[in-house]
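S.K.: First the structure, which I've put down as structure tokens, then a few questions once you've had a look.
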Amino acid sequence: MSEQMMSLRRTAQLLRDFFAAATREEMRAAHDALAAHMPEGFSPSRLDDSDAARLEYAFNRLFVGPEALPAPPYASIYLDDDPLHMGPSTLDMRALLHSLGLAAPHGGQPDDFLPYELEAWHALTLLLDDETTRPAARDALQWLCEEHLGRWLPVFLQRARRAGPPPELLAVLDALDAWRAASLQRSLYENA
Amino acid sequence: MSTRYAFLMDMDKCIGCRGCGMACKNFNQLAPDMVWRQVYPLDERIYPHRDRAFLSLACNHCDDPACLAACPAGSYTKRPDGIVVHHQETCIGCTNCIRSCPYGAPRFNKVEKHAEKCSLCHERLDAGLTPACVQACPTGALTLIDLDTFDNANAVQYPAGYPAMPRLNPSTRFILPRMPRVLRG
Amino acid sequence: MKTHEHLAGRRGFLKGLLAAGAAGVLGSGPGSLLRPHPAEAAPFDPSAYEVFRNACPRNCYDTCSIKTYVRDGVVQFVEGAPESTFTNGGLCVKGYTYPRRIYSPDRIKYPMLQEGRGSGNWRRISWDEAMSRIADKILEIKKRDGNLLGLGLTKYSGNFGITNYGVEGMMSSLGYTTRFVGTPCWPAGIDAQNYDLGDMWCNDPEDLVKARYIIVWGANPAWCSMHSMKYLYAARERGARILVIDPIFTQTAAKADEFWQVRPGTDGALALGMARHLLDAGLVDRDFVQNAAVGYEDFAAYLKTNVTVEWAAKTSGIPADAIRAATEEFAAAKPATVWIGYGMQRHTNGGSMVRAIDAFVAMSGNIGVEGGGARYGHLQTWGFNYHAMIQKQPAGSVGVRGASGPKGEFDFAGGEAATYSDRTLNINKTAQEILDARDPELRMLWIACKNPFAQDFDRNKLEKAFAKLEMVVSVEQFFTETVRHSDIVLPVTTLFEEWTINASYWHYWLSLNEQAIKPMHEAKSNIEIAALLSRAMNAREPGSCTFPQEVDGKEWMIKECNKGIYDLFGISSWEELRKGPAKARLASSASWHDRTFKTPSGKYEFSSALCARNGFTALPEYVEGRRPDAPFRLMTPHIQFGLHSQFVNLDWMEAYYPEPFVYIHPASARKKGIADGDMVRVFNRIGEVRVRARLSGNVAEDCVVMYEAWFRKLNYNVQNVVDDCAADMGAMKTGAPGVAIHDQFVDIAPADGGRA
């Protein structure tokens with residue numbers, strides 16, 4: 001496996017940790033780890049307390065609540081005709097997770113939560129290494145790139161950027177965008 | 001025995017609750033801003049009390065549907081029982097039907113880029129059920145009739161405020177609203 | 001019906017061709033052997049779904065029995081239960097939006113903490129951390145004050161599922177606390193009916209079909225009890241006449257045979273005039289007034305001395321000949337009935353007006369008669385165990401000395417014989433009571449099943465009151481104004497995510513509410529929240545909370561049931577409700593059918609000593625209403641698209657109800673220089689509302705109407721201009737008097753140059 005793929009996998013894991021963060025400390029740790037892994041655009045690379053507080057409030061305003069969210073981190077909101085949870089796209093993702101022998105941690109959390117999708121991508125790329133699982137993994141990754149994650153991430157990013165994120169959060173969004181551009185393209189898997 | 005399904009809209013019983021339209025959205029899982037059935041208050045020149053009498057309209061399942069004639073993709077069919085069916089899966093989104101229907105029944109789905117309209121819930125009829133809107137109507141203002149056997153001298157085809165299109169021969173029938181005696185303090 | 005093929009079963013290229021509209025492109029060209037084959041949808045197959053029983057738990061006459069269709073663990077759609085002859089297979093425009101509520105991306109997902117109330121700086125916290133902070137605060141208050149009276153609860157009708165009375169139980173399990181008691185809804189009428197009849201007990205609404213004359217007085221079932229309309233129509237088809245009396249030409253009025261636009265607050269005079277005419281025309285039911293009633297002679301004397309039909313006509317605005325004619329028709333029709341709405345008693349003289357109407361119906365001999373009755377509401381089918389509600393205070397708890405009165409009409413716990421009790425504050429004066437509370441001050445407020453910033457009166461005062469509170473915890477599903485004014489918000493389950501059981505205060509059906517899906521995100525039910533709090537309390541101070549630390553929603557639902565309930569509904573177990581809702585087995589569809597009244601005398605009381613003892617007149621005498629202090633009377637009743645602040649915020653509802661209006665008579669609008677659709681200011685001494693005007697002859701010239709609602713995208717709140725002036729009655733049965741919601745006065749003016 002190429003060095004590039006190794007790096008993208010690491011990025012996906014760090015982005016997963018960031019978007020799954022529930023607390024300020026988790027968010028700060030994920031941010032700092034991302035900055036260490038791909039320093040470009042991260043300034044500062046280590047957040048102080050007030051940066052971290054600002055990041056947390058903005059993160060919750062955009063992605064968590066309790067106010068109505070400008071950019072919910074769930075696929076169905078963008079892909080389905082209906083901007084709702086648990087729609088067809090959620091069930092697509094559930095089917096994919098199940099086929100990987102995985103499931104969302106509890107019934108109430110939609111399967112198409114961004115961190116789960118990043119983890120699914122990560123898992124699929126691991127399957128590329130094995131000859132028997134490679135064809136199916138390639139098909140699934142191509143679906144992920146062209147019909148699922150690759151389709152909704154640009155809209156999600158656009159809406160998140162439009163919501164006026166502070167620089168700490170913007171840096172992470174840029175990192176996600178860069179990862180998307182590098183990872184979610186068919187050609188990457190065609191020769192795998 | 002043939003059947004020609006149609007809606008009977010009793011404006012005298014209708015309370016303008018919009019339950020019909022919402023039941024349609026609920027069963028057919030329509031997009032947030034999409035409505036297949038709309039409830040229109042009558043103009044005060046027709047009924048003198050504002051917002052108190054209504055036309056509840058969906059597709060009129062015309063005898064000679066303009067949508068079907070205008071569709072270049074063959075996405076409209078008319079069943080032997082009179083139901084005009086739109087097939088979203090073959091719709092090319094040209095909007096000819098939307099422009100040709102004088103009743104505004106087909107509407108454009110901006111996300112999926114196709115037309116869509118009331119199906120008279122033929123999947124429900126085929127399962128022995130009534131259309132979702134009819135089942136929802138709490139007052140019996142909206143019912144399903146068979147025009148081949150329907151016989152109600154009070155019913156009209158073209159109430160005021162509803163375009164008369166004899167060439168299309170829309171199937172919906174209406175009962176006109178009455179008015180109470182009003183004493184004002 | 002949209003069908004969804006999951007990824008697992010998808011055949012990519014077929015789907016791709018369909019999506020590209022290949023069939024449309026190919027068509028059926030010349031020489032083609034193939035014919036077009038539009039895909040026919042398969043018939044709807046209910047067996048493809050798991051079907052669950054649910055019930056709409058909102059504060060609504062109709063309390064619909066719901067069938068919920070679930071596939072892949074997701075609610076697909078809902079419909080009315082056909083087994084209930086009342087629901088009759090159809091929900092209302094609100095009920096059909098339920099899937100939007102469950103799966104809305106706007107739902108509150110996690111417990112959250114706001115750092116700086118109103119700052120918008122929210123932190124996500126775990127349930128453990130939320131409960132730790134709350135428990136710490138409660139214990140700190142207890143230590144500081146030596147009691148828990150600084151902890152208050154405000155809760156009302158956001159979810160009437162019986163297990164949700166566990167919120168009250170949670171408070172009791174902590175000790176003696178402060179409760180906001182009473183109800184903004186119907187208390188004056190409840191007390192009125194208790195004085196007259198000994199209880200609030202209405203006929204089965206399904207027996208309206210038997211009536212030959214129906215007066216719908218101050219109620220708008222076409223919007224607020226749509227499922228009752230079919231009985232009115234059926235009665236009319238059988239020859240009944242329908243008269244609607246209302247200050248507004250409502251949708252129900254439009255469906256009547258006759259409509260009287262009564263001057264607001266003068267309904268009592270009108271009813272007394274009708275009673276006087278019964279007397280004059282010799283139409284009084286002598287048997288009833290002599291054998292089943294007390295105080296009739298005194299009342300007749302009052303009518304003869306103080307009431308004339310002409311006076312009633314002058315006061316109410318309804319012509320005397322119409323009053324006489326309708327009275328005679330009402331008396332001649334057997335049976336005849338009055339549906340007394342809740343709107344009419346939301347006045348400073350509201351209870352007295354209900355008593356006057358009761359008296360008119362009683363004199364006509366229509367009490368205790370099938371198809372007759374003075375219908376208001378009932379709680380006959382609410383005989384649950386209140387297992388969740390009735391919890392014991394921890395040993396050594398200290399509160400207010402002596403027993404407390406009722407904590408609302410749904411307080412079935414009975415009087416407390418204990419040395420101590422809770423402190424009670426008037427729910428209808430929430431803002432003022434918070435500001436005035438002393439020894440101790442109200443320090444902490446728990447809000448559940450309620451949205452004070454949308455429901456409580458004098459919003460500007462409420463802002464000041466909330467600023468006084470040290471901690472506000474709200475239990476919610478959406479980001480309301482109340483959540484904005486909270487420190488901690490806890491996500492609560494929708495009805496589809498919890499077990500409970502529901503009865504109605506109007507019809508006589510009982511519905512099971514099954515958990516149809518797993519709770520979304522981290523939402524928990526009210527009783528689960530109580531159990532978590534108990535765990536946190538006991539971990540800090542063992543014995544400080546008696547609420548069980550583990551609850552099972554289904555078990556707790558079962559614990560609400562008892563033999564009395566099963567016998568009343570003719571079922572052997574709650575499990576029978578899985579087959580569909582059950583209706584109470586009634587000896588008669590008529591309330592008071594054996595003429596045994598629950599008054600002190602056991603008879604219908606035209607003259608009530610109890611009423612006099614409570615500071616009112618013994619007889620249902622006329623009482624003048626509140627004096628105007630601005631040019632227009634403002635009424636803020638309910639619209640069919642929402643129930644208080646619920647439903648109007650959902651995207652589907654926005655398709656049918658995108659924007660509120662103030663409704664004003666065209667003649668009044670002209671005088672004010674207001675055109676249809678103009679932006680206007682509706683204002684008075686306590687605040688203002690900016691809203692678009694809609695000109696309508698449905699309202700009187702000296703009246704304007706705004707419907708109560710919460711729009712997620714609009715800054716619209718009628719409580720800006722509704723003050724907390726009390727209604728007359730209500731304190732006896734609900735703990736606090738009602739509120740004069742419809743005795744409000746405003747002025748109106750074009751805003752922002754009108755056409756905005």
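Residue numbers start at 1 in each chain; chains themselves are named A, B, ... in the order of the structure tokens; ligands are numbered from 1 in the order shown.
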Please report as a short mmCIF file (atom, residue, chain, number, x, y, z; two decimals) with C-alpha atoms, in the first residue's frame which residues of chain A come no farther than 10 Å from chain B, using only C-alpha atoms.
M.R.:
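Below is the file that was written, selection_6.cif:
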```cif
data_model
loop_
_atom_site.label_atom_id
_atom_site.label_comp_id
_atom_site.auth_asym_id
_atom_site.auth_seq_id
_atom_site.Cartn_x
_atom_site.Cartn_y
_atom_site.Cartn_z
CA LEU A 79 -28.58 13.19 -0.20
CA ASP A 80 -32.26 12.44 0.35
CA ASP A 81 -35.05 14.52 -1.13
CA ASP A 82 -36.09 14.93 2.44
CA PRO A 83 -33.61 16.60 4.80
CA LEU A 84 -34.39 14.19 7.64
#
```
S.K.: Provide as a list in words the residues of chain A at most 6 Å from chain C, counting only C-alpha atoms.
M.R.: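 Matching residues, ligands excluded from the count: Tyr57, Pro66, Glu67, Ala68, Leu84, His85, Asp92, Gly107, Gly108 and Gln109 of chain A.
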S.K.: Output as a PyMOL selection string the set of chain B residues within 8 Å of chain C, with distances taken over only C-alpha atoms.
M.R.: chain B and resi 12-13+15+17-23+26-29+32-35+49-50+52-53+72-75+87+89-92+121-127+135-140+178-185
S.K.: Can you pull out the residues contacting A:Glu119? Cut-off 8 Å, using only C-alpha atoms, and skip same-chain residues under 5 positions away; I want them as a PyMOL selection string.
M.R.: chain A and resi 12-13+16
S.K.: Would you mind listing what lies within 9 Å of C:Trp382 as number ranges by chain, with only C-alpha atoms counted and same-chain residues fewer than 5 positions away left out?
M.R.: C: 162, 410, 412, 502-505, 565
S.K.: Write a file of the selected residues as a PDB file, in the first residue's frame, keeping all heavy atoms.
M.R.:
```pdb
ATOM      1  N   ILE C 162     -49.661   9.176  30.647  1.00  0.00           N
ATOM      2  CA  ILE C 162     -49.788   9.074  32.104  1.00  0.00           C
ATOM      3  C   ILE C 162     -48.434   8.921  32.804  1.00  0.00           C
ATOM      4  O   ILE C 162     -48.212   9.485  33.878  1.00  0.00           O
ATOM      5  CB  ILE C 162     -50.722   7.909  32.486  1.00  0.00           C
ATOM      6  CG1 ILE C 162     -52.120   8.136  31.883  1.00  0.00           C
ATOM      7  CG2 ILE C 162     -50.838   7.772  34.003  1.00  0.00           C
ATOM      8  CD1 ILE C 162     -52.803   9.425  32.279  1.00  0.00           C
ATOM      9  N   PHE C 410     -55.352  17.496  37.185  1.00  0.00           N
ATOM     10  CA  PHE C 410     -54.910  16.120  37.037  1.00  0.00           C
ATOM     11  C   PHE C 410     -54.200  15.627  38.292  1.00  0.00           C
ATOM     12  O   PHE C 410     -53.500  14.634  38.268  1.00  0.00           O
ATOM     13  CB  PHE C 410     -53.986  15.968  35.821  1.00  0.00           C
ATOM     14  CG  PHE C 410     -54.654  16.344  34.538  1.00  0.00           C
ATOM     15  CD1 PHE C 410     -54.438  17.583  33.951  1.00  0.00           C
ATOM     16  CD2 PHE C 410     -55.526  15.464  33.920  1.00  0.00           C
ATOM     17  CE1 PHE C 410     -55.064  17.931  32.771  1.00  0.00           C
ATOM     18  CE2 PHE C 410     -56.157  15.809  32.733  1.00  0.00           C
ATOM     19  CZ  PHE C 410     -55.930  17.038  32.161  1.00  0.00           C
ATOM     20  N   PHE C 412     -54.305  13.641  41.062  1.00  0.00           N
ATOM     21  CA  PHE C 412     -55.134  12.575  41.593  1.00  0.00           C
ATOM     22  C   PHE C 412     -54.519  11.979  42.855  1.00  0.00           C
ATOM     23  O   PHE C 412     -54.911  10.916  43.312  1.00  0.00           O
ATOM     24  CB  PHE C 412     -55.327  11.479  40.538  1.00  0.00           C
ATOM     25  CG  PHE C 412     -56.045  11.975  39.310  1.00  0.00           C
ATOM     26  CD1 PHE C 412     -55.334  12.389  38.196  1.00  0.00           C
ATOM     27  CD2 PHE C 412     -57.424  12.066  39.281  1.00  0.00           C
ATOM     28  CE1 PHE C 412     -55.992  12.855  37.057  1.00  0.00           C
ATOM     29  CE2 PHE C 412     -58.089  12.531  38.157  1.00  0.00           C
ATOM     30  CZ  PHE C 412     -57.370  12.921  37.047  1.00  0.00           C
ATOM     31  N   ASN C 502     -52.834   6.547  27.313  1.00  0.00           N
ATOM     32  CA  ASN C 502     -53.482   7.851  27.170  1.00  0.00           C
ATOM     33  C   ASN C 502     -54.999   7.772  27.211  1.00  0.00           C
ATOM     34  O   ASN C 502     -55.595   6.893  26.595  1.00  0.00           O
ATOM     35  CB  ASN C 502     -53.103   8.475  25.817  1.00  0.00           C
ATOM     36  CG  ASN C 502     -51.626   8.773  25.720  1.00  0.00           C
ATOM     37  OD1 ASN C 502     -50.817   7.860  25.613  1.00  0.00           O
ATOM     38  ND2 ASN C 502     -51.272  10.029  25.771  1.00  0.00           N
ATOM     39  N   ALA C 503     -55.584   8.735  27.912  1.00  0.00           N
ATOM     40  CA  ALA C 503     -57.041   8.898  27.921  1.00  0.00           C
ATOM     41  C   ALA C 503     -57.360  10.305  27.417  1.00  0.00           C
ATOM     42  O   ALA C 503     -56.465  11.125  27.247  1.00  0.00           O
ATOM     43  CB  ALA C 503     -57.587   8.685  29.324  1.00  0.00           C
ATOM     44  N   SER C 504     -58.630  10.560  27.190  1.00  0.00           N
ATOM     45  CA  SER C 504     -59.072  11.861  26.685  1.00  0.00           C
ATOM     46  C   SER C 504     -59.927  12.558  27.724  1.00  0.00           C
ATOM     47  O   SER C 504     -60.542  11.906  28.557  1.00  0.00           O
ATOM     48  CB  SER C 504     -59.886  11.656  25.405  1.00  0.00           C
ATOM     49  OG  SER C 504     -60.715  12.791  25.134  1.00  0.00           O
ATOM     50  N   TYR C 505     -59.971  13.871  27.664  1.00  0.00           N
ATOM     51  CA  TYR C 505     -60.886  14.601  28.541  1.00  0.00           C
ATOM     52  C   TYR C 505     -62.184  14.939  27.810  1.00  0.00           C
ATOM     53  O   TYR C 505     -62.961  15.767  28.261  1.00  0.00           O
ATOM     54  CB  TYR C 505     -60.235  15.851  29.130  1.00  0.00           C
ATOM     55  CG  TYR C 505     -59.579  16.794  28.134  1.00  0.00           C
ATOM     56  CD1 TYR C 505     -60.351  17.617  27.318  1.00  0.00           C
ATOM     57  CD2 TYR C 505     -58.197  16.870  28.028  1.00  0.00           C
ATOM     58  CE1 TYR C 505     -59.752  18.478  26.411  1.00  0.00           C
ATOM     59  CE2 TYR C 505     -57.587  17.734  27.120  1.00  0.00           C
ATOM     60  CZ  TYR C 505     -58.383  18.537  26.324  1.00  0.00           C
ATOM     61  OH  TYR C 505     -57.795  19.399  25.432  1.00  0.00           O
ATOM     62  N   ILE C 565     -59.660   0.397  35.859  1.00  0.00           N
ATOM     63  CA  ILE C 565     -59.490   0.772  34.448  1.00  0.00           C
ATOM     64  C   ILE C 565     -59.933  -0.383  33.543  1.00  0.00           C
ATOM     65  O   ILE C 565     -60.679  -0.189  32.586  1.00  0.00           O
ATOM     66  CB  ILE C 565     -58.006   1.149  34.173  1.00  0.00           C
ATOM     67  CG1 ILE C 565     -57.684   2.517  34.779  1.00  0.00           C
ATOM     68  CG2 ILE C 565     -57.687   1.110  32.696  1.00  0.00           C
ATOM     69  CD1 ILE C 565     -58.147   3.706  33.969  1.00  0.00           C
TER      70      ILE C 565
END
```
